[in-house]
>>> print(open('data_22.txt').read())   # compact mmCIF, C-alpha atoms
# COMPACT_ATOMS: atom_id res chain seq x y z
CA MET W 1 101.07 124.18 107.45
CA LEU W 2 100.36 122.31 110.67
CA ALA W 3 101.40 125.34 112.68
CA LEU W 4 98.68 127.28 110.86
CA VAL W 5 96.14 124.58 111.70
CA LEU W 6 97.07 124.74 115.36
CA ALA W 7 97.01 128.52 115.35
CA LEU W 8 93.36 128.51 114.31
CA PHE W 9 92.41 127.79 117.88
CA GLY W 10 94.84 130.08 119.69
CA VAL W 11 97.00 127.63 121.58
CA ALA W 12 96.98 128.27 125.32
CA GLU W 13 100.07 127.63 127.37
CA ALA W 14 99.73 124.21 128.99
CA GLN W 15 99.60 124.11 132.77
CA ASP W 16 100.72 120.50 133.02
CA HIS W 17 103.39 119.28 130.65
CA SER W 18 102.86 115.55 131.25
CA PRO W 19 102.28 113.73 127.96
CA VAL W 20 98.84 112.97 126.58
CA VAL W 21 98.40 109.24 125.96
CA LEU W 22 96.51 107.78 123.00
CA GLY W 23 95.72 104.06 122.98
CA MET W 24 95.97 102.18 119.68
CA THR W 25 95.12 98.50 119.43
CA ALA W 26 95.76 96.89 116.04
CA GLY W 27 96.83 93.65 114.42
CA PHE W 28 100.60 94.07 114.57
CA SER W 29 100.72 90.32 114.07
CA GLY W 30 98.58 88.24 111.73
CA PRO W 31 97.14 89.24 108.33
CA THR W 32 97.00 92.99 109.06
CA ARG W 33 100.57 93.27 110.33
CA SER W 34 101.92 95.40 107.48
CA MET W 35 98.87 97.64 107.53
CA ALA W 36 99.12 98.18 111.29
CA VAL W 37 102.79 99.13 111.02
CA GLU W 38 102.14 101.61 108.19
CA LEU W 39 99.23 103.15 110.10
CA TYR W 40 101.27 103.50 113.29
CA ARG W 41 104.25 104.98 111.49
CA GLY W 42 102.10 107.50 109.66
CA ALA W 43 100.53 108.69 112.90
CA LEU W 44 103.86 108.74 114.74
CA ALA W 45 105.45 110.71 111.91
CA CYS W 46 102.89 113.43 112.51
CA LEU W 47 103.02 113.38 116.31
CA GLU W 48 106.82 113.54 116.37
CA SER W 49 107.35 115.90 113.46
CA ARG W 50 109.43 118.97 114.05
CA SER W 51 106.51 121.34 113.50
CA VAL W 52 104.44 119.56 116.16
CA LEU W 53 107.17 119.15 118.76
CA SER W 54 108.12 122.80 118.42
CA ALA W 55 104.56 124.16 118.58
CA PRO W 56 104.31 126.44 121.64
CA GLY W 57 101.99 125.21 124.38
CA LEU W 58 101.04 121.95 122.66
CA ARG W 59 101.27 118.92 124.94
CA LYS W 60 103.41 116.02 123.76
CA VAL W 61 101.31 113.08 122.61
CA VAL W 62 102.45 109.51 123.27
CA LEU W 63 101.00 106.88 120.95
CA GLN W 64 100.77 103.69 122.99
CA ALA W 65 100.35 100.66 120.74
CA ALA W 66 99.21 97.15 121.59
CA ASP W 67 98.90 94.07 119.39
CA ASP W 68 95.52 92.35 119.09
CA GLY W 69 96.39 90.00 116.22
CA TYR W 70 93.25 91.26 114.37
CA GLU W 71 91.13 89.32 116.88
CA PRO W 72 88.25 90.78 118.95
CA GLY W 73 89.21 89.30 122.34
CA PRO W 74 92.66 90.90 122.62
CA ALA W 75 91.28 94.15 121.15
CA ILE W 76 88.75 94.34 123.97
CA GLU W 77 91.42 93.60 126.59
CA ASN W 78 93.73 96.26 125.16
CA THR W 79 90.91 98.81 125.05
CA VAL W 80 89.93 98.27 128.68
CA ARG W 81 93.58 98.53 129.75
CA PHE W 82 94.01 101.79 127.85
CA LEU W 83 90.93 103.28 129.50
CA THR W 84 91.70 102.10 133.04
CA ARG W 85 95.30 101.33 133.93
CA ASP W 86 96.96 103.47 131.24
CA LYS W 87 94.60 106.45 131.64
CA ALA W 88 94.62 107.19 127.91
CA LEU W 89 92.88 110.41 126.98
CA ALA W 90 91.32 108.70 123.96
CA LEU W 91 91.39 105.55 121.87
CA PHE W 92 92.94 106.15 118.49
CA SER W 93 93.06 104.54 115.02
CA GLN W 94 91.92 101.10 116.10
CA LEU W 95 92.27 98.84 113.08
CA GLY W 96 89.63 96.57 111.59
CA THR W 97 85.91 95.88 111.55
CA PRO W 98 85.88 92.58 113.51
CA THR W 99 87.80 94.25 116.34
CA VAL W 100 86.16 97.69 116.35
CA SER W 101 82.67 96.18 116.18
CA ARG W 102 83.36 94.37 119.46
CA VAL W 103 84.97 97.39 121.08
CA LEU W 104 81.90 99.59 120.55
CA PRO W 105 79.99 98.11 123.53
CA VAL W 106 83.10 98.72 125.67
CA LEU W 107 82.92 102.39 124.78
CA ARG W 108 79.33 102.52 125.91
CA ALA W 109 80.20 100.70 129.14
CA TYR W 110 82.84 103.35 129.91
CA ALA W 111 80.80 106.28 128.60
CA ASP W 112 80.49 107.83 132.06
CA GLN W 113 84.31 108.05 132.07
CA GLY W 114 84.33 109.90 128.75
CA ALA W 115 85.56 106.98 126.62
CA ARG W 116 85.87 108.02 122.97
CA LEU W 117 87.40 106.42 119.88
CA PHE W 118 88.92 108.76 117.31
CA PHE W 119 89.39 107.77 113.69
CA PRO W 120 89.14 103.98 113.63
CA VAL W 121 90.37 102.43 110.39
CA THR W 122 87.14 100.76 109.34
CA GLY W 123 84.14 101.66 107.23
CA LEU W 124 81.83 99.93 109.71
CA GLU W 125 78.34 101.40 109.65
CA ALA W 126 77.74 100.77 113.37
CA SER W 127 80.40 103.34 114.29
CA ARG W 128 78.45 105.94 112.29
CA THR W 129 74.93 105.29 113.55
CA ALA W 130 73.05 105.07 116.84
CA PRO W 131 73.64 103.94 119.50
CA TYR W 132 77.44 103.98 119.09
CA VAL W 133 78.08 107.05 116.94
CA ARG W 134 78.09 109.27 120.02
CA TYR W 135 81.30 107.56 121.18
CA VAL W 136 83.17 107.49 117.84
CA TYR W 137 84.64 110.07 115.46
CA ASN W 138 85.57 109.00 111.93
CA LEU W 139 87.84 110.52 109.32
CA ARG W 140 87.29 108.09 106.45
CA ALA W 141 84.30 107.28 104.26
CA SER W 142 82.22 104.19 105.05
CA TYR W 143 82.37 100.83 103.30
CA ARG W 144 78.94 101.53 101.86
CA GLN W 145 80.36 104.63 100.22
CA GLU W 146 83.47 102.85 98.98
CA ILE W 147 81.55 99.95 97.49
CA ASP W 148 78.94 102.24 95.95
CA ALA W 149 81.76 104.06 94.16
CA LEU W 150 83.27 100.78 92.94
CA VAL W 151 79.92 99.45 91.74
CA GLY W 152 79.25 102.76 90.01
CA ALA W 153 82.55 102.45 88.16
CA PHE W 154 81.77 98.86 87.13
CA VAL W 155 78.31 99.76 85.88
CA ALA W 156 79.67 102.78 83.99
CA ARG W 157 81.81 100.40 81.95
CA GLY W 158 78.81 98.19 81.18
CA ALA W 159 78.99 95.50 83.86
CA THR W 160 75.67 93.93 84.85
CA ARG W 161 76.96 90.74 86.51
CA VAL W 162 78.79 91.63 89.71
CA ALA W 163 79.97 89.03 92.24
CA ILE W 164 81.62 89.39 95.65
CA CYS W 165 84.31 87.50 97.55
CA HIS W 166 84.64 88.56 101.15
CA GLN W 167 86.11 87.75 104.52
CA ALA W 168 83.78 85.55 106.56
CA ASP W 169 83.15 87.89 109.50
CA ALA W 170 81.70 91.31 110.37
CA PHE W 171 84.03 93.03 107.91
CA GLY W 172 82.98 90.82 105.04
CA ARG W 173 79.29 91.08 105.87
CA SER W 174 79.61 94.85 105.99
CA GLY W 175 81.03 94.71 102.47
CA TRP W 176 78.32 92.30 101.35
CA ASP W 177 75.63 94.61 102.72
CA GLY W 178 77.18 97.57 100.91
CA ALA W 179 77.31 95.59 97.66
CA ARG W 180 73.69 94.51 97.95
CA ARG W 181 72.57 98.08 98.55
CA ALA W 182 74.69 99.54 95.75
CA LEU W 183 73.48 96.97 93.23
CA SER W 184 69.86 97.22 94.36
CA ARG W 185 69.93 100.96 93.71
CA ARG W 186 70.86 100.10 90.12
CA ASN W 187 68.31 97.27 89.85
CA LEU W 188 71.00 94.61 89.75
CA PRO W 189 71.46 91.45 91.86
CA LEU W 190 74.67 89.91 93.18
CA CYS W 191 75.45 87.20 90.66
CA GLY W 192 77.68 85.17 92.97
CA GLU W 193 79.30 85.06 96.40
CA ALA W 194 82.30 83.36 97.98
CA THR W 195 84.07 83.77 101.32
CA PHE W 196 87.46 83.17 102.92
CA ALA W 197 88.74 82.97 106.51
CA ARG W 198 89.93 86.00 108.46
CA ILE W 199 93.32 84.36 108.92
CA ALA W 200 93.85 83.79 105.18
CA THR W 201 97.32 84.63 103.89
CA VAL W 202 98.88 84.98 100.47
CA ALA W 203 99.92 81.33 100.72
CA ASP W 204 96.29 80.17 100.87
CA ASP W 205 94.68 78.44 97.91
CA MET W 206 91.67 80.37 96.60
CA ALA W 207 90.92 77.98 93.73
CA ALA W 208 87.65 76.90 95.38
CA GLN W 209 86.46 80.51 95.60
CA ALA W 210 87.43 81.05 91.95
CA LYS W 211 85.37 78.02 90.95
CA VAL W 212 82.30 79.26 92.83
CA LEU W 213 82.47 82.70 91.23
CA SER W 214 83.21 81.35 87.75
CA ALA W 215 79.80 79.67 87.77
CA CYS W 216 78.05 83.03 87.33
CA ASN W 217 80.49 84.35 84.70
CA PRO W 218 80.98 87.69 86.45
CA GLN W 219 82.04 90.84 84.61
CA ALA W 220 83.24 92.39 87.87
CA ILE W 221 84.18 91.07 91.31
CA LEU W 222 84.18 92.98 94.59
CA LEU W 223 86.94 91.74 96.89
CA VAL W 224 86.65 92.59 100.60
CA GLY W 225 89.62 91.69 102.77
CA PRO W 226 93.17 92.69 103.82
CA ALA W 227 96.14 92.59 101.48
CA PRO W 228 97.33 88.98 101.99
CA ALA W 229 93.95 87.39 101.27
CA CYS W 230 93.24 89.77 98.39
CA ALA W 231 96.59 88.96 96.78
CA ALA W 232 95.87 85.22 97.02
CA ALA W 233 92.38 85.70 95.58
CA ILE W 234 93.49 87.85 92.64
CA ARG W 235 96.31 85.44 91.83
CA ASP W 236 94.05 82.39 91.85
CA PHE W 237 91.18 84.12 90.06
CA ARG W 238 93.51 84.99 87.20
CA GLN W 239 95.10 81.53 87.25
CA ALA W 240 91.59 80.06 86.91
CA GLY W 241 90.86 82.21 83.87
CA LEU W 242 88.60 84.74 85.58
CA ASP W 243 89.25 87.94 83.63
CA ALA W 244 86.60 90.07 85.36
CA ALA W 245 87.49 93.51 86.64
CA ILE W 246 88.30 93.34 90.36
CA GLY W 247 87.51 96.07 92.86
CA VAL W 248 89.13 96.19 96.31
CA VAL W 249 88.27 98.46 99.22
CA SER W 250 90.75 100.55 101.16
CA PHE W 251 91.37 97.88 103.80
CA ALA W 252 93.35 95.97 101.16
CA GLY W 253 95.99 98.58 101.84
CA GLY W 254 96.53 100.04 98.35
CA GLU W 255 100.30 99.93 97.96
CA LEU W 256 100.52 97.02 100.43
CA LEU W 257 98.40 94.90 98.09
CA LEU W 258 100.34 96.09 95.04
CA ARG W 259 103.61 94.94 96.62
CA GLN W 260 102.22 91.46 97.22
CA LEU W 261 100.74 91.30 93.72
CA ALA W 262 104.10 92.28 92.27
CA ALA W 263 105.84 89.52 94.24
CA GLU W 264 103.30 86.88 93.22
CA GLY W 265 103.26 88.10 89.64
CA ALA W 266 107.05 87.92 89.42
CA ARG W 267 107.03 84.42 90.85
CA LEU W 268 104.48 83.24 88.30
CA GLY W 269 105.56 85.40 85.38
CA VAL W 270 102.16 87.11 85.03
CA ASP W 271 100.75 90.63 85.41
CA LEU W 272 98.41 90.61 88.41
CA GLU W 273 97.76 94.35 88.69
CA HIS W 274 95.84 94.52 85.39
CA ASP W 275 92.18 95.59 85.67
CA VAL W 276 92.22 95.95 89.45
CA LEU W 277 90.34 98.98 90.78
CA PHE W 278 91.25 100.39 94.20
CA SER W 279 88.96 102.54 96.32
CA GLN W 280 90.85 104.79 98.74
CA VAL W 281 89.59 107.03 101.54
CA VAL W 282 92.40 109.61 101.55
CA PRO W 283 93.82 111.59 98.65
CA ASP W 284 97.07 110.77 96.89
CA TRP W 285 99.99 111.09 99.30
CA ARG W 286 102.23 111.94 96.35
CA ASP W 287 100.11 114.94 95.29
CA ASP W 288 102.38 117.98 95.59
CA THR W 289 99.40 120.34 95.45
CA LEU W 290 98.33 119.09 98.90
CA PRO W 291 100.30 120.56 101.84
CA ALA W 292 99.50 117.54 104.01
CA ALA W 293 100.96 115.16 101.42
CA HIS W 294 104.21 117.11 101.33
CA ASP W 295 104.33 117.28 105.12
CA TYR W 296 103.64 113.55 105.45
CA ARG W 297 106.50 112.57 103.16
CA GLN W 298 108.89 114.89 104.99
CA ALA W 299 107.78 113.69 108.43
CA LEU W 300 108.08 110.05 107.35
CA ALA W 301 111.60 110.65 106.09
CA ASP W 302 112.50 112.28 109.40
CA LEU W 303 111.01 109.33 111.32
CA GLY W 304 113.42 106.90 109.68
CA ASP W 305 112.96 103.20 110.37
CA ARG W 306 111.35 103.37 113.80
CA GLN W 307 109.02 100.47 114.54
CA PRO W 308 105.97 100.02 116.78
CA PRO W 309 106.50 99.92 119.68
CA PRO W 310 110.14 100.95 120.11
CA GLY W 311 112.13 97.75 120.34
CA GLY W 312 109.01 95.66 119.74
CA TRP W 313 107.51 93.69 116.85
CA ASP W 314 109.91 92.63 114.15
CA THR W 315 108.13 93.86 111.03
CA PRO W 316 109.89 95.32 108.00
CA ALA W 317 108.97 98.99 107.62
CA SER W 318 108.74 100.73 104.28
CA GLN W 319 109.98 104.29 104.27
CA ALA W 320 108.47 104.93 100.86
CA GLY W 321 105.05 106.08 102.08
CA SER W 322 101.61 104.63 101.44
CA SER W 323 97.91 105.44 101.47
CA VAL W 324 97.61 103.62 104.79
CA GLY W 325 100.44 105.62 106.28
CA PHE W 326 98.93 108.85 105.00
CA GLU W 327 95.63 107.94 106.65
CA GLY W 328 97.46 107.47 109.96
CA TYR W 329 99.17 110.81 109.46
CA LEU W 330 95.87 112.61 108.77
CA ASN W 331 94.22 110.88 111.72
CA ALA W 332 96.93 112.26 114.00
CA ARG W 333 96.82 115.68 112.37
CA LEU W 334 93.10 115.99 112.94
CA PHE W 335 93.35 114.70 116.50
CA LEU W 336 95.96 117.34 117.30
CA ALA W 337 93.41 119.96 116.32
CA VAL W 338 90.88 118.34 118.68
CA LEU W 339 93.47 118.25 121.46
CA ASP W 340 94.34 121.88 120.87
CA ALA W 341 90.68 122.87 121.23
CA MET W 342 90.36 121.18 124.65
CA ALA W 343 90.04 123.38 127.71
CA ASP W 344 91.65 120.66 129.83
CA PRO W 345 93.71 118.02 127.96
CA ASP W 346 93.54 115.75 131.02
CA ASP W 347 89.74 115.53 131.05
CA ARG W 348 88.08 113.07 128.66
CA GLN W 349 84.76 114.78 129.30
CA GLY W 350 85.94 117.68 127.14
CA LEU W 351 86.55 115.62 124.00
CA ASP W 352 83.07 116.07 122.51
CA ALA W 353 83.11 119.84 122.93
CA ALA W 354 86.57 120.03 121.37
CA ALA W 355 85.54 117.88 118.41
CA ALA W 356 82.53 120.14 117.86
CA ALA W 357 84.73 123.24 118.04
CA ILE W 358 86.89 122.33 115.04
CA ASP W 359 84.24 123.08 112.45
CA GLN W 360 85.43 123.37 108.83
CA ILE W 361 89.13 123.07 109.55
CA ASP W 362 91.84 122.90 106.91
CA ILE W 363 94.14 119.91 107.49
CA GLY W 364 95.95 120.34 104.18
CA ILE W 365 94.01 118.06 101.81
CA GLY W 366 92.32 120.67 99.64
CA ARG W 367 88.97 120.73 101.40
CA PRO W 368 87.83 121.63 104.90
CA VAL W 369 86.65 118.89 107.28
CA THR W 370 84.28 118.84 110.21
CA LEU W 371 83.27 116.30 112.87
CA THR W 372 79.90 117.87 113.65
CA GLY W 373 77.76 115.86 111.21
CA PRO W 374 75.26 113.24 112.36
CA ASN W 375 77.64 110.38 111.53
CA HIS W 376 80.72 112.08 113.07
CA GLN W 377 82.56 111.59 109.77
CA ALA W 378 85.01 114.15 108.42
CA LEU W 379 85.30 112.92 104.82
CA ASP W 380 82.73 111.54 102.40
CA MET W 381 85.20 111.24 99.56
CA VAL W 382 86.12 108.02 97.78
CA TYR W 383 89.21 108.20 95.57
CA LEU W 384 89.23 105.59 92.80
CA ASN W 385 92.56 104.35 91.48
CA THR W 386 93.99 101.79 89.12
CA ALA W 387 97.54 100.41 89.09
CA LYS W 388 100.37 101.09 86.67
CA ASP W 389 103.93 99.89 87.05
CA GLY W 390 103.41 99.09 90.73
CA ARG W 391 101.87 102.47 91.62
CA LEU W 392 98.35 103.67 92.26
CA VAL W 393 97.15 106.17 89.67
CA PRO W 394 93.84 108.08 89.70
CA LEU W 395 91.07 106.46 87.68
CA THR W 396 89.94 109.91 86.51
CA ALA W 397 91.06 113.47 87.07
CA SER W 398 88.05 114.15 89.28
CA LEU W 399 87.19 112.70 92.66
CA ALA W 400 84.31 110.30 93.06
CA VAL W 401 81.77 111.35 95.69
CA ALA W 402 79.87 108.26 96.75
CA GLU W 403 76.21 108.48 97.65
CA THR W 404 75.06 107.41 101.08
CA GLU W 405 72.00 105.62 102.39
CA ASP W 406 70.29 105.83 105.73
>>> encode(input="data_22.txt", output="structure tokens")
Amino acid sequence: MLALVLALFGVAEAQDHSPVVLGMTAGFSGPTRSMAVELYRGALACLESRSVLSAPGLRKVVLQAADDGYEPGPAIENTVRFLTRDKALALFSQLGTPTVSRVLPVLRAYADQGARLFFPVTGLEASRTAPYVRYVYNLRASYRQEIDALVGAFVARGATRVAICHQADAFGRSGWDGARRALSRRNLPLCGEATFARIATVADDMAAQAKVLSACNPQAILLVGPAPACAAAIRDFRQAGLDAAIGVVSFAGGELLLRQLAAEGARLGVDLEHDVLFSQVVPDWRDDTLPAAHDYRQALADLGDRQPPPGGWDTPASQAGSSVGFEGYLNARLFLAVLDAMADPDDRQGLDAAAAAIDQIDIGIGRPVTLTGPNHQALDMVYLNTAKDGRLVPLTASLAVAETED
């Protein structure tokens, strides 16, 4: 399938066979460690798959990873190093709103050198609007779209009292803003709000947050954070008697959160996956009707247990696949199409023209994608899931298309 994607642009024989470098900064330590590893492995599985490595004329792509601990300062340092010393063609799949939001001004500062960020893993609105959208290309839907879909699902089941618990930073405020907008469109207020620290782990006590939210007797709770904090919150909400439906956005990691909920549930002897709703920004990686899903699973199996970077961070790697890993795979798959459309793969100045050239391309997910829209976003889809026996299952047979706001 990927060979067909590449063939759409008539691959030209490369004049210089030196590798193309992509720079990826992510929290390979700290609360996003598991997510960063899954994302990296998904992308690497694509870039080093047999179909890619054997494609005639396609330059080898090296994914250079650096740890930022999910903190803005190191993310900025890594980004500058990628653009200057390492001569990366592009920045790729940077992970997280608090880090990406601080990297956006760096992109503008290096705009005259063609600095571009492809497919960050964040629903941050600033990467989709002026002045920064010109430097960023997105695959995934925004947090506004994800939260609108979650709120729509809550309201459809009769909820009128919706609360939010979010990370106390740019990520959390982005979620809060999306919740306020989604509820306002339905003439509903936020009934309660609580926050937690960016460094929160599954070992943290969220009883105080549960007490704050209990005061408004919510029927549904939006939870905006990575897997460790979300697992702690769901555990302590249920322990405190909060039986509201809980909705988590894609940054909770889908299967990554389910694994932590299963571990906590087993420890306590309770079912923690009940009535949790997951919004996802890529389709089901187990769906055999999607060529990309089949290719991802095969490429991941071929990759084995390789870690980022080779010989580097000691993080257990799951070879089972995940929504996060599939997003990394699709990010790489779409970037390869951009790379293939470049007249000169060594010249960053050609990235915009190449991105514009891949209009309505099939990357194997059942619908064409394009990067030519005003928000440089390939997908507007939000896929709603629930959990059953430790697996994500579709909420309905149809896909939820979230509405957007200017």
>>> residues_around(input="data_22.txt", residues="Ala215 in chain W", least_positions_apart="4", cutoff="10 Å", atoms="all atoms listed in the file", output="PyMOL selection string")
chain W and resi 191-192+210-211
>>> closest_residue(input="data_22.txt", among="W:Cys230, W:Ala245, W:Cys216, W:Ala149", to="Val281 in chain W", atoms="all atoms listed in the file")
W:Ala149
>>> atom_distance(input="data_22.txt", atom1="CA of Leu63 in chain W", atom2="CA of Ala293 in chain W")
21.2 Å
>>> residues_near_point(input="data_22.txt", point="(106.1, 118.3, 112.3)", cutoff="9 Å", atoms="all atoms listed in the file", output="list in words")
Leu2, Ala3, Ala45, Cys46, Leu47, Glu48, Ser49, Arg50, Ser51, Val52, Leu53, Ser54, Ala55, Asp295, Tyr296, Gln298 and Ala299 of chain W
>>> atom_distance(input="data_22.txt", atom1="CA of Tyr132 in chain W", atom2="CA of Leu107 in chain W")
8.1 Å
>>> closest_residue(input="data_22.txt", among="W:Leu150, W:Leu290, W:Met206, W:Val282", to="Ala179 in chain W", atoms="only C-alpha atoms")
W:Leu150
>>> atom_distance(input="data_22.txt", atom1="CA of Gly152 in chain W", atom2="CA of Ile164 in chain W")
14.7 Å
>>> residues_around(input="data_22.txt", residues="Arg134 in chain W", least_positions_apart="6", cutoff="10 Å", atoms="only C-alpha atoms", output="ChimeraX atom specification")
/W:107-108,111,116-117,127-128,352,374-376
>>> closest_residue(input="data_22.txt", among="W:Ala197, W:Leu256, W:Leu242, W:Ala320", to="Ala227 in chain W", atoms="only C-alpha atoms")
W:Leu256
>>> closest_residue(input="data_22.txt", among="W:Glu193, W:Asp86, W:Asp284, W:Asp67", to="Leu384 in chain W", atoms="only C-alpha atoms")
W:Asp284
>>> residues_near_point(input="data_22.txt", point="(97.2, 102.2, 117.0)", cutoff="8 Å", atoms="only C-alpha atoms", output="PDB file with C-alpha atoms, in the frame of the given file")
ATOM      1  CA  GLY W  23      95.720 104.060 122.980  1.00  0.00           C
ATOM      2  CA  MET W  24      95.970 102.180 119.680  1.00  0.00           C
ATOM      3  CA  THR W  25      95.120  98.500 119.430  1.00  0.00           C
ATOM      4  CA  ALA W  26      95.760  96.890 116.040  1.00  0.00           C
ATOM      5  CA  ALA W  36      99.120  98.180 111.290  1.00  0.00           C
ATOM      6  CA  LEU W  39      99.230 103.150 110.100  1.00  0.00           C
ATOM      7  CA  TYR W  40     101.270 103.500 113.290  1.00  0.00           C
ATOM      8  CA  LEU W  63     101.000 106.880 120.950  1.00  0.00           C
ATOM      9  CA  GLN W  64     100.770 103.690 122.990  1.00  0.00           C
ATOM     10  CA  ALA W  65     100.350 100.660 120.740  1.00  0.00           C
ATOM     11  CA  ALA W  66      99.210  97.150 121.590  1.00  0.00           C
ATOM     12  CA  PHE W  92      92.940 106.150 118.490  1.00  0.00           C
ATOM     13  CA  SER W  93      93.060 104.540 115.020  1.00  0.00           C
ATOM     14  CA  GLN W  94      91.920 101.100 116.100  1.00  0.00           C
ATOM     15  CA  LEU W  95      92.270  98.840 113.080  1.00  0.00           C
TER      16      LEU W  95
END
>>> residues_around(input="data_22.txt", residues="range 389-393 of chain W", least_positions_apart="2", cutoff="8 Å", atoms="only C-alpha atoms", output="list in words")
Gly254, Glu255, Leu258, Arg259, Ala262, Glu273, Asn385, Thr386, Ala387 and Leu395 of chain W
>>> residues_around(input="data_22.txt", residues="Pro19 in chain W", least_positions_apart="4", cutoff="7 Å", atoms="all atoms listed in the file", output="PyMOL selection string")
chain W and resi 59-62
>>> closest_residue(input="data_22.txt", among="W:Pro218, W:Gly158, W:Gly178, W:Pro283", to="Glu125 in chain W", atoms="all atoms listed in the file")
W:Gly178
>>> closest_residue(input="data_22.txt", among="W:Gln260, W:Thr372, W:Thr201, W:Thr97", to="Ala170 in chain W", atoms="only C-alpha atoms")
W:Thr97
>>> residues_around(input="data_22.txt", residues="Asp169 in chain W", least_positions_apart="6", cutoff="12 Å", atoms="only C-alpha atoms", output="list in words")
Tyr70, Glu71, Pro72, Gly96, Thr97, Pro98, Thr99, Ser101, Arg102, Gly175, Trp176, Thr195, Phe196, Ala197, Arg198, Ile199, Val224 and Gly225 of chain W
>>> write_last_selection(input="data_22.txt", atoms="C-alpha atoms", output="PDB file, keeping the file's coordinate frame")
ATOM      1  CA  TYR W  70      93.250  91.260 114.370  1.00  0.00           C
ATOM      2  CA  GLU W  71      91.130  89.320 116.880  1.00  0.00           C
ATOM      3  CA  PRO W  72      88.250  90.780 118.950  1.00  0.00           C
ATOM      4  CA  GLY W  96      89.630  96.570 111.590  1.00  0.00           C
ATOM      5  CA  THR W  97      85.910  95.880 111.550  1.00  0.00           C
ATOM      6  CA  PRO W  98      85.880  92.580 113.510  1.00  0.00           C
ATOM      7  CA  THR W  99      87.800  94.250 116.340  1.00  0.00           C
ATOM      8  CA  SER W 101      82.670  96.180 116.180  1.00  0.00           C
ATOM      9  CA  ARG W 102      83.360  94.370 119.460  1.00  0.00           C
ATOM     10  CA  GLY W 175      81.030  94.710 102.470  1.00  0.00           C
ATOM     11  CA  TRP W 176      78.320  92.300 101.350  1.00  0.00           C
ATOM     12  CA  THR W 195      84.070  83.770 101.320  1.00  0.00           C
ATOM     13  CA  PHE W 196      87.460  83.170 102.920  1.00  0.00           C
ATOM     14  CA  ALA W 197      88.740  82.970 106.510  1.00  0.00           C
ATOM     15  CA  ARG W 198      89.930  86.000 108.460  1.00  0.00           C
ATOM     16  CA  ILE W 199      93.320  84.360 108.920  1.00  0.00           C
ATOM     17  CA  VAL W 224      86.650  92.590 100.600  1.00  0.00           C
ATOM     18  CA  GLY W 225      89.620  91.690 102.770  1.00  0.00           C
TER      19      GLY W 225
END
>>> decode(input="data_22.txt", residues="range 142-151 of chain W", atoms="N, CA, C and O atoms", output="PDB file, in the first residue's frame")
ATOM      1  N   SER W 142      -8.078  18.813  16.605  1.00  0.00           N
ATOM      2  CA  SER W 142      -7.704  19.688  17.715  1.00  0.00           C
ATOM      3  C   SER W 142      -8.390  19.250  19.003  1.00  0.00           C
ATOM      4  O   SER W 142      -9.349  18.475  18.993  1.00  0.00           O
ATOM      5  N   TYR W 143      -7.912  19.793  20.127  1.00  0.00           N
ATOM      6  CA  TYR W 143      -8.567  19.505  21.400  1.00  0.00           C
ATOM      7  C   TYR W 143      -9.985  20.071  21.432  1.00  0.00           C
ATOM      8  O   TYR W 143     -10.876  19.483  22.064  1.00  0.00           O
ATOM      9  N   ARG W 144     -10.210  21.193  20.783  1.00  0.00           N
ATOM     10  CA  ARG W 144     -11.575  21.703  20.709  1.00  0.00           C
ATOM     11  C   ARG W 144     -12.494  20.683  20.053  1.00  0.00           C
ATOM     12  O   ARG W 144     -13.629  20.471  20.497  1.00  0.00           O
ATOM     13  N   GLN W 145     -12.022  20.057  18.997  1.00  0.00           N
ATOM     14  CA  GLN W 145     -12.831  19.065  18.305  1.00  0.00           C
ATOM     15  C   GLN W 145     -13.038  17.828  19.162  1.00  0.00           C
ATOM     16  O   GLN W 145     -14.143  17.271  19.222  1.00  0.00           O
ATOM     17  N   GLU W 146     -11.972  17.372  19.816  1.00  0.00           N
ATOM     18  CA  GLU W 146     -12.097  16.194  20.680  1.00  0.00           C
ATOM     19  C   GLU W 146     -13.100  16.444  21.812  1.00  0.00           C
ATOM     20  O   GLU W 146     -13.973  15.615  22.087  1.00  0.00           O
ATOM     21  N   ILE W 147     -12.958  17.566  22.468  1.00  0.00           N
ATOM     22  CA  ILE W 147     -13.804  17.840  23.627  1.00  0.00           C
ATOM     23  C   ILE W 147     -15.235  18.110  23.195  1.00  0.00           C
ATOM     24  O   ILE W 147     -16.195  17.726  23.880  1.00  0.00           O
ATOM     25  N   ASP W 148     -15.415  18.734  22.038  1.00  0.00           N
ATOM     26  CA  ASP W 148     -16.771  18.929  21.532  1.00  0.00           C
ATOM     27  C   ASP W 148     -17.446  17.580  21.299  1.00  0.00           C
ATOM     28  O   ASP W 148     -18.638  17.415  21.593  1.00  0.00           O
ATOM     29  N   ALA W 149     -16.705  16.622  20.775  1.00  0.00           N
ATOM     30  CA  ALA W 149     -17.270  15.291  20.552  1.00  0.00           C
ATOM     31  C   ALA W 149     -17.622  14.611  21.872  1.00  0.00           C
ATOM     32  O   ALA W 149     -18.673  13.966  21.998  1.00  0.00           O
ATOM     33  N   LEU W 150     -16.754  14.739  22.873  1.00  0.00           N
ATOM     34  CA  LEU W 150     -17.030  14.150  24.181  1.00  0.00           C
ATOM     35  C   LEU W 150     -18.249  14.800  24.834  1.00  0.00           C
ATOM     36  O   LEU W 150     -19.133  14.106  25.357  1.00  0.00           O
ATOM     37  N   VAL W 151     -18.302  16.121  24.805  1.00  0.00           N
ATOM     38  CA  VAL W 151     -19.448  16.822  25.386  1.00  0.00           C
ATOM     39  C   VAL W 151     -20.726  16.435  24.661  1.00  0.00           C
ATOM     40  O   VAL W 151     -21.778  16.217  25.276  1.00  0.00           O
TER      41      VAL W 151
END
